[in-house]
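Heads up, input-v7.cif below (mmCIF, C-alpha atoms):
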```cif
data_coords
#
loop_
_atom_site.group_PDB
_atom_site.id
_atom_site.type_symbol
_atom_site.label_atom_id
_atom_site.label_comp_id
_atom_site.auth_asym_id
_atom_site.auth_seq_id
_atom_site.Cartn_x
_atom_site.Cartn_y
_atom_site.Cartn_z
ATOM 1 C CA MET A 678 18.428 45.220 -5.604
ATOM 2 C CA THR A 679 17.075 41.717 -5.044
ATOM 3 C CA GLU A 680 15.225 40.540 -8.139
ATOM 4 C CA LYS A 681 11.585 39.665 -7.581
ATOM 5 C CA TYR A 682 9.631 36.886 -9.287
ATOM 6 C CA ALA A 683 6.004 35.921 -9.110
ATOM 7 C CA VAL A 684 7.037 32.314 -8.520
ATOM 8 C CA VAL A 685 10.269 30.470 -7.851
ATOM 9 C CA VAL A 686 10.185 26.771 -8.692
ATOM 10 C CA VAL A 687 12.771 24.741 -6.800
ATOM 11 C CA GLY A 688 13.623 21.678 -8.880
ATOM 12 C CA GLY A 689 13.788 21.228 -12.641
ATOM 13 C CA GLY A 690 12.429 17.719 -13.072
ATOM 14 C CA ALA A 691 9.079 16.772 -14.555
ATOM 15 C CA ALA A 692 7.082 18.398 -11.743
ATOM 16 C CA GLY A 693 9.055 21.634 -11.699
ATOM 17 C CA LEU A 694 9.162 22.065 -15.465
ATOM 18 C CA SER A 695 5.470 21.297 -15.812
ATOM 19 C CA ALA A 696 4.649 23.925 -13.196
ATOM 20 C CA ALA A 697 6.944 26.423 -14.900
ATOM 21 C CA LEU A 698 5.316 25.813 -18.289
ATOM 22 C CA VAL A 699 1.846 26.586 -16.950
ATOM 23 C CA LEU A 700 3.094 29.645 -15.058
ATOM 24 C CA GLY A 701 4.960 30.967 -18.069
ATOM 25 C CA ARG A 702 1.930 30.571 -20.286
ATOM 26 C CA ALA A 703 -0.073 32.472 -17.665
ATOM 27 C CA ARG A 704 2.409 35.363 -18.058
ATOM 28 C CA HIS A 705 3.943 35.058 -14.610
ATOM 29 C CA HIS A 706 7.600 36.029 -14.124
ATOM 30 C CA THR A 707 9.005 32.636 -13.073
ATOM 31 C CA LEU A 708 12.416 31.288 -12.097
ATOM 32 C CA VAL A 709 13.316 27.591 -12.024
ATOM 33 C CA VAL A 710 16.301 26.646 -9.863
ATOM 34 C CA ASP A 711 17.593 23.249 -10.956
ATOM 35 C CA ALA A 712 20.417 21.399 -9.206
ATOM 36 C CA GLY A 713 20.538 18.889 -12.086
ATOM 37 C CA GLU A 714 20.065 15.743 -10.002
ATOM 38 C CA PRO A 715 16.933 13.988 -11.344
ATOM 39 C CA ARG A 716 15.939 10.803 -9.536
ATOM 40 C CA ASN A 717 15.642 8.825 -12.771
ATOM 41 C CA ALA A 718 19.061 9.843 -14.129
ATOM 42 C CA PRO A 719 20.395 6.232 -14.030
ATOM 43 C CA ALA A 720 17.585 5.014 -16.316
ATOM 44 C CA ALA A 721 18.123 4.876 -20.070
ATOM 45 C CA HIS A 722 14.433 5.314 -20.790
ATOM 46 C CA MET A 723 11.130 6.117 -19.136
ATOM 47 C CA GLN A 724 7.953 4.148 -19.743
ATOM 48 C CA GLY A 725 4.217 4.421 -19.276
ATOM 49 C CA TYR A 726 3.962 8.101 -20.198
ATOM 50 C CA LEU A 727 1.480 8.290 -23.066
ATOM 51 C CA SER A 728 3.181 9.694 -26.215
ATOM 52 C CA ARG A 729 6.589 9.632 -24.456
ATOM 53 C CA ASP A 730 6.929 5.886 -23.859
ATOM 54 C CA GLY A 731 10.575 4.857 -24.230
ATOM 55 C CA MET A 732 11.976 8.391 -24.274
ATOM 56 C CA PRO A 733 15.325 8.904 -22.483
ATOM 57 C CA PRO A 734 14.774 11.010 -19.341
ATOM 58 C CA ALA A 735 17.514 13.465 -20.325
ATOM 59 C CA GLU A 736 15.799 14.101 -23.672
ATOM 60 C CA PHE A 737 12.457 14.617 -21.936
ATOM 61 C CA LEU A 738 13.952 17.231 -19.623
ATOM 62 C CA ALA A 739 15.825 18.959 -22.470
ATOM 63 C CA ILE A 740 12.573 19.353 -24.398
ATOM 64 C CA GLY A 741 10.873 20.677 -21.266
ATOM 65 C CA ARG A 742 13.574 23.286 -20.775
ATOM 66 C CA GLU A 743 13.173 24.428 -24.385
ATOM 67 C CA GLU A 744 9.400 24.696 -23.950
ATOM 68 C CA ILE A 745 9.484 26.853 -20.802
ATOM 69 C CA ALA A 746 12.038 29.191 -22.419
ATOM 70 C CA ARG A 747 9.475 30.059 -25.129
ATOM 71 C CA TYR A 748 7.359 31.719 -22.444
ATOM 72 C CA GLY A 749 10.114 33.705 -20.829
ATOM 73 C CA VAL A 750 10.709 31.375 -17.886
ATOM 74 C CA GLU A 751 14.251 31.670 -16.567
ATOM 75 C CA LEU A 752 16.122 28.501 -15.569
ATOM 76 C CA VAL A 753 19.337 28.603 -13.578
ATOM 77 C CA ARG A 754 21.578 25.664 -12.756
ATOM 78 C CA ASP A 755 22.035 26.180 -9.048
ATOM 79 C CA ARG A 756 20.844 24.975 -5.668
ATOM 80 C CA VAL A 757 18.602 26.690 -3.117
ATOM 81 C CA VAL A 758 20.426 26.689 0.207
ATOM 82 C CA ASP A 759 18.073 28.809 2.276
ATOM 83 C CA VAL A 760 14.598 30.296 2.180
ATOM 84 C CA GLU A 761 12.829 32.685 4.526
ATOM 85 C CA ARG A 762 9.209 33.655 4.683
ATOM 86 C CA GLY A 763 8.195 37.273 5.128
ATOM 87 C CA GLU A 764 5.905 39.480 3.067
ATOM 88 C CA ASP A 765 7.497 37.561 0.176
ATOM 89 C CA PHE A 766 9.814 34.560 0.180
ATOM 90 C CA THR A 767 13.548 35.272 0.175
ATOM 91 C CA VAL A 768 15.410 32.534 -1.678
ATOM 92 C CA VAL A 769 19.192 32.163 -1.381
ATOM 93 C CA LEU A 770 21.130 30.223 -4.023
ATOM 94 C CA ALA A 771 24.426 28.414 -3.549
ATOM 95 C CA GLY A 772 25.996 30.567 -6.261
ATOM 96 C CA GLY A 773 25.458 33.681 -4.140
ATOM 97 C CA ARG A 774 22.315 35.049 -5.780
ATOM 98 C CA THR A 775 19.330 36.054 -3.654
ATOM 99 C CA VAL A 776 15.861 36.476 -5.149
ATOM 100 C CA ARG A 777 12.356 37.114 -3.865
ATOM 101 C CA ALA A 778 9.156 35.327 -4.820
ATOM 102 C CA ARG A 779 5.478 35.771 -4.060
ATOM 103 C CA ARG A 780 4.895 32.008 -4.251
ATOM 104 C CA LEU A 781 7.052 28.875 -4.163
ATOM 105 C CA VAL A 782 6.817 25.466 -5.796
ATOM 106 C CA VAL A 783 9.039 22.880 -4.110
ATOM 107 C CA ALA A 784 9.786 20.007 -6.478
ATOM 108 C CA THR A 785 13.022 18.785 -4.926
ATOM 109 C CA GLY A 786 12.200 15.065 -5.242
ATOM 110 C CA LEU A 787 13.991 12.425 -3.256
ATOM 111 C CA LYS A 788 17.128 10.325 -3.263
ATOM 112 C CA ASP A 789 17.297 6.533 -3.389
ATOM 113 C CA GLU A 790 19.608 4.792 -0.902
ATOM 114 C CA LEU A 791 20.565 1.405 -2.340
ATOM 115 C CA PRO A 792 21.500 -1.754 -0.448
ATOM 116 C CA ALA A 793 25.236 -1.856 0.272
ATOM 117 C CA VAL A 794 25.854 -4.952 -1.856
ATOM 118 C CA PRO A 795 28.746 -4.840 -4.346
ATOM 119 C CA GLY A 796 27.410 -4.397 -7.852
ATOM 120 C CA VAL A 797 24.018 -2.937 -6.941
ATOM 121 C CA ALA A 798 24.841 0.767 -7.260
ATOM 122 C CA GLU A 799 26.964 0.181 -10.362
ATOM 123 C CA ARG A 800 24.144 -1.636 -12.196
ATOM 124 C CA PHE A 801 21.203 0.419 -10.933
ATOM 125 C CA GLY A 802 18.985 1.560 -13.779
ATOM 126 C CA ARG A 803 20.428 -1.066 -16.124
ATOM 127 C CA ASP A 804 19.843 -4.626 -14.921
ATOM 128 C CA VAL A 805 19.321 -3.732 -11.258
ATOM 129 C CA LEU A 806 15.862 -2.208 -11.179
ATOM 130 C CA HIS A 807 13.229 -0.958 -8.784
ATOM 131 C CA CYS A 808 9.915 -0.485 -10.572
ATOM 132 C CA PRO A 809 8.443 -3.238 -12.771
ATOM 133 C CA PHE A 810 5.978 -0.757 -14.256
ATOM 134 C CA CYS A 811 8.963 1.276 -15.482
ATOM 135 C CA HIS A 812 11.119 -1.585 -16.778
ATOM 136 C CA GLY A 813 9.248 -4.886 -16.498
ATOM 137 C CA TRP A 814 8.297 -5.133 -20.169
ATOM 138 C CA GLU A 815 11.898 -4.558 -21.300
ATOM 139 C CA VAL A 816 13.230 -7.451 -19.176
ATOM 140 C CA ARG A 817 10.200 -9.758 -19.409
ATOM 141 C CA ASP A 818 10.666 -13.521 -19.200
ATOM 142 C CA ARG A 819 14.265 -13.316 -17.977
ATOM 143 C CA PRO A 820 15.447 -14.954 -14.737
ATOM 144 C CA PHE A 821 14.663 -12.398 -12.013
ATOM 145 C CA GLY A 822 16.162 -12.015 -8.586
ATOM 146 C CA VAL A 823 14.628 -9.835 -5.891
ATOM 147 C CA LEU A 824 17.088 -8.551 -3.299
ATOM 148 C CA ALA A 825 15.099 -8.118 -0.096
ATOM 149 C CA THR A 826 15.593 -4.975 1.963
ATOM 150 C CA SER A 827 12.737 -5.682 4.392
ATOM 151 C CA PRO A 828 9.842 -8.122 4.791
ATOM 152 C CA ALA A 829 7.903 -5.766 2.491
ATOM 153 C CA SER A 830 10.082 -7.050 -0.361
ATOM 154 C CA VAL A 831 7.681 -9.978 -0.536
ATOM 155 C CA HIS A 832 5.256 -7.619 -2.243
ATOM 156 C CA GLN A 833 7.886 -6.639 -4.799
ATOM 157 C CA ALA A 834 8.645 -10.294 -5.546
ATOM 158 C CA LEU A 835 4.956 -11.008 -6.045
ATOM 159 C CA MET A 836 4.548 -8.007 -8.332
ATOM 160 C CA VAL A 837 7.473 -8.807 -10.611
ATOM 161 C CA SER A 838 6.129 -12.330 -11.116
ATOM 162 C CA GLN A 839 3.700 -10.654 -13.536
ATOM 163 C CA TRP A 840 6.654 -10.181 -15.927
ATOM 164 C CA SER A 841 8.575 -13.426 -15.378
ATOM 165 C CA LYS A 842 7.737 -16.881 -14.081
ATOM 166 C CA ASP A 843 11.348 -17.450 -12.978
ATOM 167 C CA VAL A 844 11.651 -15.350 -9.813
ATOM 168 C CA ARG A 845 13.843 -15.909 -6.754
ATOM 169 C CA LEU A 846 13.500 -13.850 -3.610
ATOM 170 C CA PHE A 847 16.877 -13.494 -1.908
ATOM 171 C CA LEU A 848 16.142 -12.778 1.740
ATOM 172 C CA HIS A 849 19.599 -11.285 2.325
ATOM 173 C CA THR A 850 19.400 -9.810 5.856
ATOM 174 C CA VAL A 851 15.699 -10.632 6.314
ATOM 175 C CA ALA A 852 15.102 -13.729 8.445
ATOM 176 C CA GLU A 853 12.738 -16.308 7.004
ATOM 177 C CA ALA A 854 10.836 -16.191 10.301
ATOM 178 C CA GLU A 855 9.908 -12.573 9.509
ATOM 179 C CA LEU A 856 7.714 -13.746 6.638
ATOM 180 C CA SER A 857 4.116 -14.498 7.551
ATOM 181 C CA ASP A 858 2.272 -17.674 6.618
ATOM 182 C CA GLU A 859 0.266 -15.569 4.167
ATOM 183 C CA ASP A 860 3.504 -14.290 2.595
ATOM 184 C CA LEU A 861 4.794 -17.820 2.125
ATOM 185 C CA ARG A 862 1.477 -19.012 0.729
ATOM 186 C CA ARG A 863 1.341 -16.224 -1.831
ATOM 187 C CA LEU A 864 4.976 -16.674 -2.836
ATOM 188 C CA ALA A 865 4.366 -20.379 -3.415
ATOM 189 C CA ALA A 866 1.193 -19.638 -5.385
ATOM 190 C CA ALA A 867 3.114 -17.191 -7.591
ATOM 191 C CA GLY A 868 5.939 -19.700 -8.117
ATOM 192 C CA VAL A 869 8.520 -17.499 -6.398
ATOM 193 C CA ASP A 870 11.450 -19.409 -4.881
ATOM 194 C CA VAL A 871 12.638 -18.138 -1.489
ATOM 195 C CA VAL A 872 16.405 -18.196 -0.990
ATOM 196 C CA PRO A 873 17.653 -17.580 2.582
ATOM 197 C CA GLY A 874 21.146 -16.316 3.282
ATOM 198 C CA GLU A 875 22.993 -13.030 2.937
ATOM 199 C CA VAL A 876 23.908 -11.815 -0.549
ATOM 200 C CA ALA A 877 27.631 -11.106 -0.889
ATOM 201 C CA GLU A 878 27.707 -9.606 -4.383
ATOM 202 C CA LEU A 879 26.217 -9.462 -7.831
ATOM 203 C CA VAL A 880 28.116 -11.332 -10.516
ATOM 204 C CA VAL A 881 28.870 -9.279 -13.616
ATOM 205 C CA GLU A 882 30.516 -10.627 -16.773
ATOM 206 C CA ASP A 883 31.194 -8.676 -19.984
ATOM 207 C CA ASP A 884 29.289 -5.702 -18.565
ATOM 208 C CA ARG A 885 26.097 -7.634 -17.893
ATOM 209 C CA LEU A 886 24.570 -9.112 -14.778
ATOM 210 C CA THR A 887 24.820 -12.890 -14.765
ATOM 211 C CA GLY A 888 24.160 -13.947 -11.191
ATOM 212 C CA VAL A 889 23.793 -13.425 -7.468
ATOM 213 C CA ARG A 890 26.453 -14.818 -5.127
ATOM 214 C CA LEU A 891 25.639 -15.547 -1.486
ATOM 215 C CA ALA A 892 27.996 -15.230 1.470
ATOM 216 C CA ASP A 893 28.279 -19.027 1.623
ATOM 217 C CA GLY A 894 29.781 -19.003 -1.885
ATOM 218 C CA SER A 895 26.783 -20.430 -3.710
ATOM 219 C CA ALA A 896 25.750 -18.656 -6.915
ATOM 220 C CA HIS A 897 22.394 -18.303 -8.645
ATOM 221 C CA ALA A 898 22.199 -17.454 -12.324
ATOM 222 C CA ARG A 899 20.068 -14.318 -12.721
ATOM 223 C CA SER A 900 20.059 -11.676 -15.442
ATOM 224 C CA VAL A 901 17.890 -9.078 -13.662
ATOM 225 C CA VAL A 902 17.674 -8.068 -10.005
ATOM 226 C CA PHE A 903 14.905 -5.956 -8.521
ATOM 227 C CA THR A 904 15.384 -4.241 -5.195
ATOM 228 C CA ALA A 905 13.660 -1.512 -3.206
ATOM 229 C CA PRO A 906 15.915 1.425 -2.337
ATOM 230 C CA ARG A 907 15.243 3.389 0.811
ATOM 231 C CA PRO A 908 13.635 6.667 -0.307
ATOM 232 C CA VAL A 909 15.043 9.780 1.346
ATOM 233 C CA PRO A 910 12.690 12.746 0.840
ATOM 234 C CA GLN A 911 14.397 16.076 0.185
ATOM 235 C CA THR A 912 12.274 18.103 2.583
ATOM 236 C CA GLY A 913 14.877 20.447 4.061
ATOM 237 C CA LEU A 914 13.413 23.628 2.564
ATOM 238 C CA LEU A 915 9.886 22.686 3.555
ATOM 239 C CA GLU A 916 10.981 21.958 7.111
ATOM 240 C CA ARG A 917 12.797 25.294 7.256
ATOM 241 C CA LEU A 918 9.552 27.013 6.324
ATOM 242 C CA GLY A 919 7.642 25.104 9.001
ATOM 243 C CA ALA A 920 5.612 22.843 6.721
ATOM 244 C CA GLU A 921 3.787 20.029 8.481
ATOM 245 C CA LEU A 922 5.035 16.557 7.535
ATOM 246 C CA HIS A 923 3.333 13.197 7.906
ATOM 247 C CA GLU A 924 5.163 9.939 8.468
ATOM 248 C CA THR A 925 4.755 7.068 6.008
ATOM 249 C CA PRO A 926 6.528 3.692 5.716
ATOM 250 C CA PHE A 927 8.625 5.374 3.017
ATOM 251 C CA GLY A 928 9.664 8.543 4.817
ATOM 252 C CA ALA A 929 8.143 11.827 5.951
ATOM 253 C CA TYR A 930 6.377 13.919 3.309
ATOM 254 C CA PRO A 931 4.567 17.263 3.458
ATOM 255 C CA VAL A 932 0.869 17.427 4.189
ATOM 256 C CA VAL A 933 -0.717 18.834 1.012
ATOM 257 C CA ASP A 934 -4.175 19.441 -0.378
ATOM 258 C CA ALA A 935 -5.431 18.279 -3.787
ATOM 259 C CA THR A 936 -3.447 21.006 -5.560
ATOM 260 C CA GLY A 937 -0.193 20.389 -3.684
ATOM 261 C CA LEU A 938 -0.590 23.341 -1.302
ATOM 262 C CA THR A 939 1.348 22.676 1.891
ATOM 263 C CA THR A 940 0.415 23.918 5.358
ATOM 264 C CA VAL A 941 2.591 26.987 4.689
ATOM 265 C CA PRO A 942 0.567 29.659 2.846
ATOM 266 C CA GLY A 943 2.055 30.342 -0.564
ATOM 267 C CA VAL A 944 4.104 27.117 -0.759
ATOM 268 C CA TRP A 945 3.160 24.244 -3.017
ATOM 269 C CA ALA A 946 4.937 20.888 -3.428
ATOM 270 C CA ALA A 947 4.821 18.423 -6.311
ATOM 271 C CA GLY A 948 6.413 15.247 -7.670
ATOM 272 C CA ASN A 949 8.492 12.981 -5.469
ATOM 273 C CA ALA A 950 8.616 15.807 -2.935
ATOM 274 C CA ILE A 951 5.131 14.654 -1.871
ATOM 275 C CA GLY A 952 5.512 10.877 -2.188
ATOM 276 C CA PHE A 953 7.925 8.140 -3.174
ATOM 277 C CA ALA A 954 5.677 6.540 -5.822
ATOM 278 C CA GLU A 955 5.167 9.593 -8.061
ATOM 279 C CA GLN A 956 6.123 8.486 -11.575
ATOM 280 C CA VAL A 957 7.106 11.025 -14.242
ATOM 281 C CA VAL A 958 3.549 11.247 -15.533
ATOM 282 C CA HIS A 959 2.228 11.841 -11.997
ATOM 283 C CA ALA A 960 4.908 14.448 -11.316
ATOM 284 C CA ALA A 961 4.070 16.373 -14.476
ATOM 285 C CA SER A 962 0.393 16.320 -13.546
ATOM 286 C CA GLY A 963 1.159 17.486 -10.007
ATOM 287 C CA GLY A 964 3.226 20.387 -11.297
ATOM 288 C CA TYR A 965 0.376 21.423 -13.591
ATOM 289 C CA ARG A 966 -2.156 21.297 -10.749
ATOM 290 C CA ALA A 967 0.067 23.340 -8.447
ATOM 291 C CA ALA A 968 0.742 25.991 -11.076
ATOM 292 C CA SER A 969 -2.894 26.394 -12.067
ATOM 293 C CA ALA A 970 -3.808 26.842 -8.395
ATOM 294 C CA ILE A 971 -1.066 29.454 -7.995
ATOM 295 C CA VAL A 972 -2.340 31.411 -11.012
ATOM 296 C CA GLY A 973 -5.751 31.664 -9.394
ATOM 297 C CA ASP A 974 -4.281 32.431 -5.990
ATOM 298 C CA LEU A 975 -2.170 35.320 -7.309
ATOM 299 C CA LEU A 976 -5.073 36.715 -9.296
ATOM 300 C CA MET A 977 -7.367 36.808 -6.249
ATOM 301 C CA ALA A 978 -4.618 38.328 -4.102
ATOM 302 C CA ASP A 979 -4.100 41.128 -6.633
ATOM 303 C CA LEU A 980 -7.823 41.781 -6.986
ATOM 304 C CA ASP A 981 -8.288 41.872 -3.219
ATOM 305 C CA ALA A 982 -5.458 44.388 -2.917
ATOM 306 C CA VAL A 983 -7.188 46.891 -5.209
#
```
Could you spell out this file's structure in structure tokens?
Amino acid sequence: MTEKYAVVVVGGGAAGLSAALVLGRARHHTLVVDAGEPRNAPAAHMQGYLSRDGMPPAEFLAIGREEIARYGVELVRDRVVDVERGEDFTVVLAGGRTVRARRLVVATGLKDELPAVPGVAERFGRDVLHCPFCHGWEVRDRPFGVLATSPASVHQALMVSQWSKDVRLFLHTVAEAELSDEDLRRLAAAGVDVVPGEVAELVVEDDRLTGVRLADGSAHARSVVFTAPRPVPQTGLLERLGAELHETPFGAYPVVDATGLTTVPGVWAAGNAIGFAEQVVHAASGGYRAASAIVGDLLMADLDAV
């Protein structure tokens, strides 16, 4: 017989674990399916989460898994490969298991596609960074480079100037003509140097970033590089269920209400599954909101069935 749960949570990051904790405490039979691919895995620490500032992401998740187990929540290391909606949701796992659920929480996050510049992927999360709110304090006052991925990288260069007054924006494949007069004015006002020309590679010595080398052979001494990966939302399951998506400059994400409820009845989404800028603290909050809404939803459904 196919095992039935009140809720299946797809994704075991901050959003999924937070949802599972609330559901477990509300005495709902809950399964978390975790593929073990958290977005922040390359980072040695996470910041800006009150009481957890500086904690390694892996430690944070390990504690979360211990907490949900206290309330009888089951966690399986597997991947959901298919889901169908009927009277309940039928959820198929890569390992061959099939389960049913009355409600779903999709917390599958997103993947970051990095610029194809030698050294970027290897150093990502160390001295190649994305978010200054996550890592700016730790690298403050060092020589920064910003590797442009689009004209929008101007904004990133302006933002990181809050943490260092030695910032160079490497235009890479962005033409200088693509920058507006307002962009150039703001960059000058912030003291950001604009460097045209394609970046060939990052220079690494003794396992630390020391510079940025351009295709023309010139090198610029830098100890930190910020860049904006292309976010790729993991919306396959939501699309399979027919959830409505809305396009943003950072990908297509599900249309949700204030609790994370999608346009598919019984399906909630949380964390980076609903937006690229959801930090760990936001994801945990979103998981909590979704779970508390589900508790009420299941209660009313049961009462109405009497």
Could you expand the PyMOL selection byres ((chain A and resi 850) around 9) into the explicit residues it covers here, written as a PDB file with C-alpha atoms, in the coordinates of the input?
```
ATOM      1  CA  ALA A 825      15.099  -8.118  -0.096  1.00  0.00           C
ATOM      2  CA  THR A 826      15.593  -4.975   1.963  1.00  0.00           C
ATOM      3  CA  SER A 827      12.737  -5.682   4.392  1.00  0.00           C
ATOM      4  CA  PHE A 847      16.877 -13.494  -1.908  1.00  0.00           C
ATOM      5  CA  LEU A 848      16.142 -12.778   1.740  1.00  0.00           C
ATOM      6  CA  HIS A 849      19.599 -11.285   2.325  1.00  0.00           C
ATOM      7  CA  VAL A 851      15.699 -10.632   6.314  1.00  0.00           C
ATOM      8  CA  ALA A 852      15.102 -13.729   8.445  1.00  0.00           C
ATOM      9  CA  PRO A 873      17.653 -17.580   2.582  1.00  0.00           C
ATOM     10  CA  GLY A 874      21.146 -16.316   3.282  1.00  0.00           C
ATOM     11  CA  GLU A 875      22.993 -13.030   2.937  1.00  0.00           C
ATOM     12  CA  VAL A 876      23.908 -11.815  -0.549  1.00  0.00           C
TER      13      VAL A 876
END
```
Given all atoms listed in the file as the counted atoms, nearest of A:Gly963, A:Gly690, A:Gly943, A:Gly948 to Arg780 (chain A) |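 Closest to Arg780 (chain A), using all atoms listed in the file: A:Gly943.
Shortest atom-to-atom contact with Val941 (chain A) among A:Glu921, A:Glu878, A:Asp730, A:Asp981: A:Glu921, counting all atoms listed in the file.
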Write out as an MDAnalysis selection string the residues lying within 9 Å of Pro792 (chain A), counting all atoms listed in the file and excluding same-chain residues fewer than 6 positions away.
-> chainID A and resid 798 824 826 904:907
With only C-alpha atoms as the atoms that count, which of A:Val972, A:Leu879, A:Leu922, A:Ala712 lies nearest to Val902 (chain A)?
-> A:Leu879
Separation of CA of Ala697 (chain A) from CA of Cys811 (chain A), in Å and rounded to one decimal |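 For CA of Ala697 (chain A) relative to CA of Cys811 (chain A), the distance reads 25.2 Å.
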Just give me the gap between CA of Gly749 (chain A) and CA of Glu680 (chain A) in Å, one decimal is fine.
->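 It comes out at 15.3 Å.
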Hits of the PyMOL selection byres ((chain A and resi 713-723) around 9) in this structure, as a PyMOL selection string | chain A and resi 688-691+711-712+724-726+729-735+754-756+785-789+800-803+811-812+949+957
Which value, in Å to one decimal, gives the distance between CA of Gly928 (chain A) and CA of Val944 (chain A)?
-> 20.2 Å
Contact check, region 775-814 of chain A to region 885-894 of chain A, at most 12 Å, counting only C-alpha atoms, closest pairs as JSON lines:
```
{"residue": "A:Val794", "atom": "CA", "partner": "A:Val889", "partner_atom": "CA", "distance": 10.4}
{"residue": "A:Pro795", "atom": "CA", "partner": "A:Arg890", "partner_atom": "CA", "distance": 10.3}
{"residue": "A:Gly796", "atom": "CA", "partner": "A:Leu886", "partner_atom": "CA", "distance": 8.8}
{"residue": "A:Val797", "atom": "CA", "partner": "A:Leu886", "partner_atom": "CA", "distance": 10.0}
{"residue": "A:Glu799", "atom": "CA", "partner": "A:Leu886", "partner_atom": "CA", "distance": 10.6}
{"residue": "A:Arg800", "atom": "CA", "partner": "A:Leu886", "partner_atom": "CA", "distance": 7.9}
{"residue": "A:Phe801", "atom": "CA", "partner": "A:Leu886", "partner_atom": "CA", "distance": 10.8}
{"residue": "A:Arg803", "atom": "CA", "partner": "A:Arg885", "partner_atom": "CA", "distance": 8.9}
{"residue": "A:Asp804", "atom": "CA", "partner": "A:Leu886", "partner_atom": "CA", "distance": 6.5}
{"residue": "A:Val805", "atom": "CA", "partner": "A:Leu886", "partner_atom": "CA", "distance": 8.3}
{"residue": "A:Leu806", "atom": "CA", "partner": "A:Leu886", "partner_atom": "CA", "distance": 11.7}
```
Using only C-alpha atoms, pick whichever of A:Leu914, A:Val816, A:Val869, A:Ala898 has the shortest atom-to-atom distance to Met836 (chain A).
->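 Looking only at the distances to Met836 (chain A), the closest residue turns out to be A:Val869.
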Pick out the residues sitting within 7 Å of Ala683 (chain A), and hand them over as a list in words; count only C-alpha atoms, and ignore anything fewer than 6 positions along from it in its own chain.
->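 Answer for this query is His705, His706, Thr707, Ala778, Arg779 and Arg780 of chain A.
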I need the residues from that last selection saved to file as a CSV table (one decimal), in the coordinates of the input (with C-alpha atoms), if you can.
```csv
chain,number,residue,atom,x,y,z
A,705,HIS,CA,3.9,35.1,-14.6
A,706,HIS,CA,7.6,36.0,-14.1
A,707,THR,CA,9.0,32.6,-13.1
A,778,ALA,CA,9.2,35.3,-4.8
A,779,ARG,CA,5.5,35.8,-4.1
A,780,ARG,CA,4.9,32.0,-4.3
```
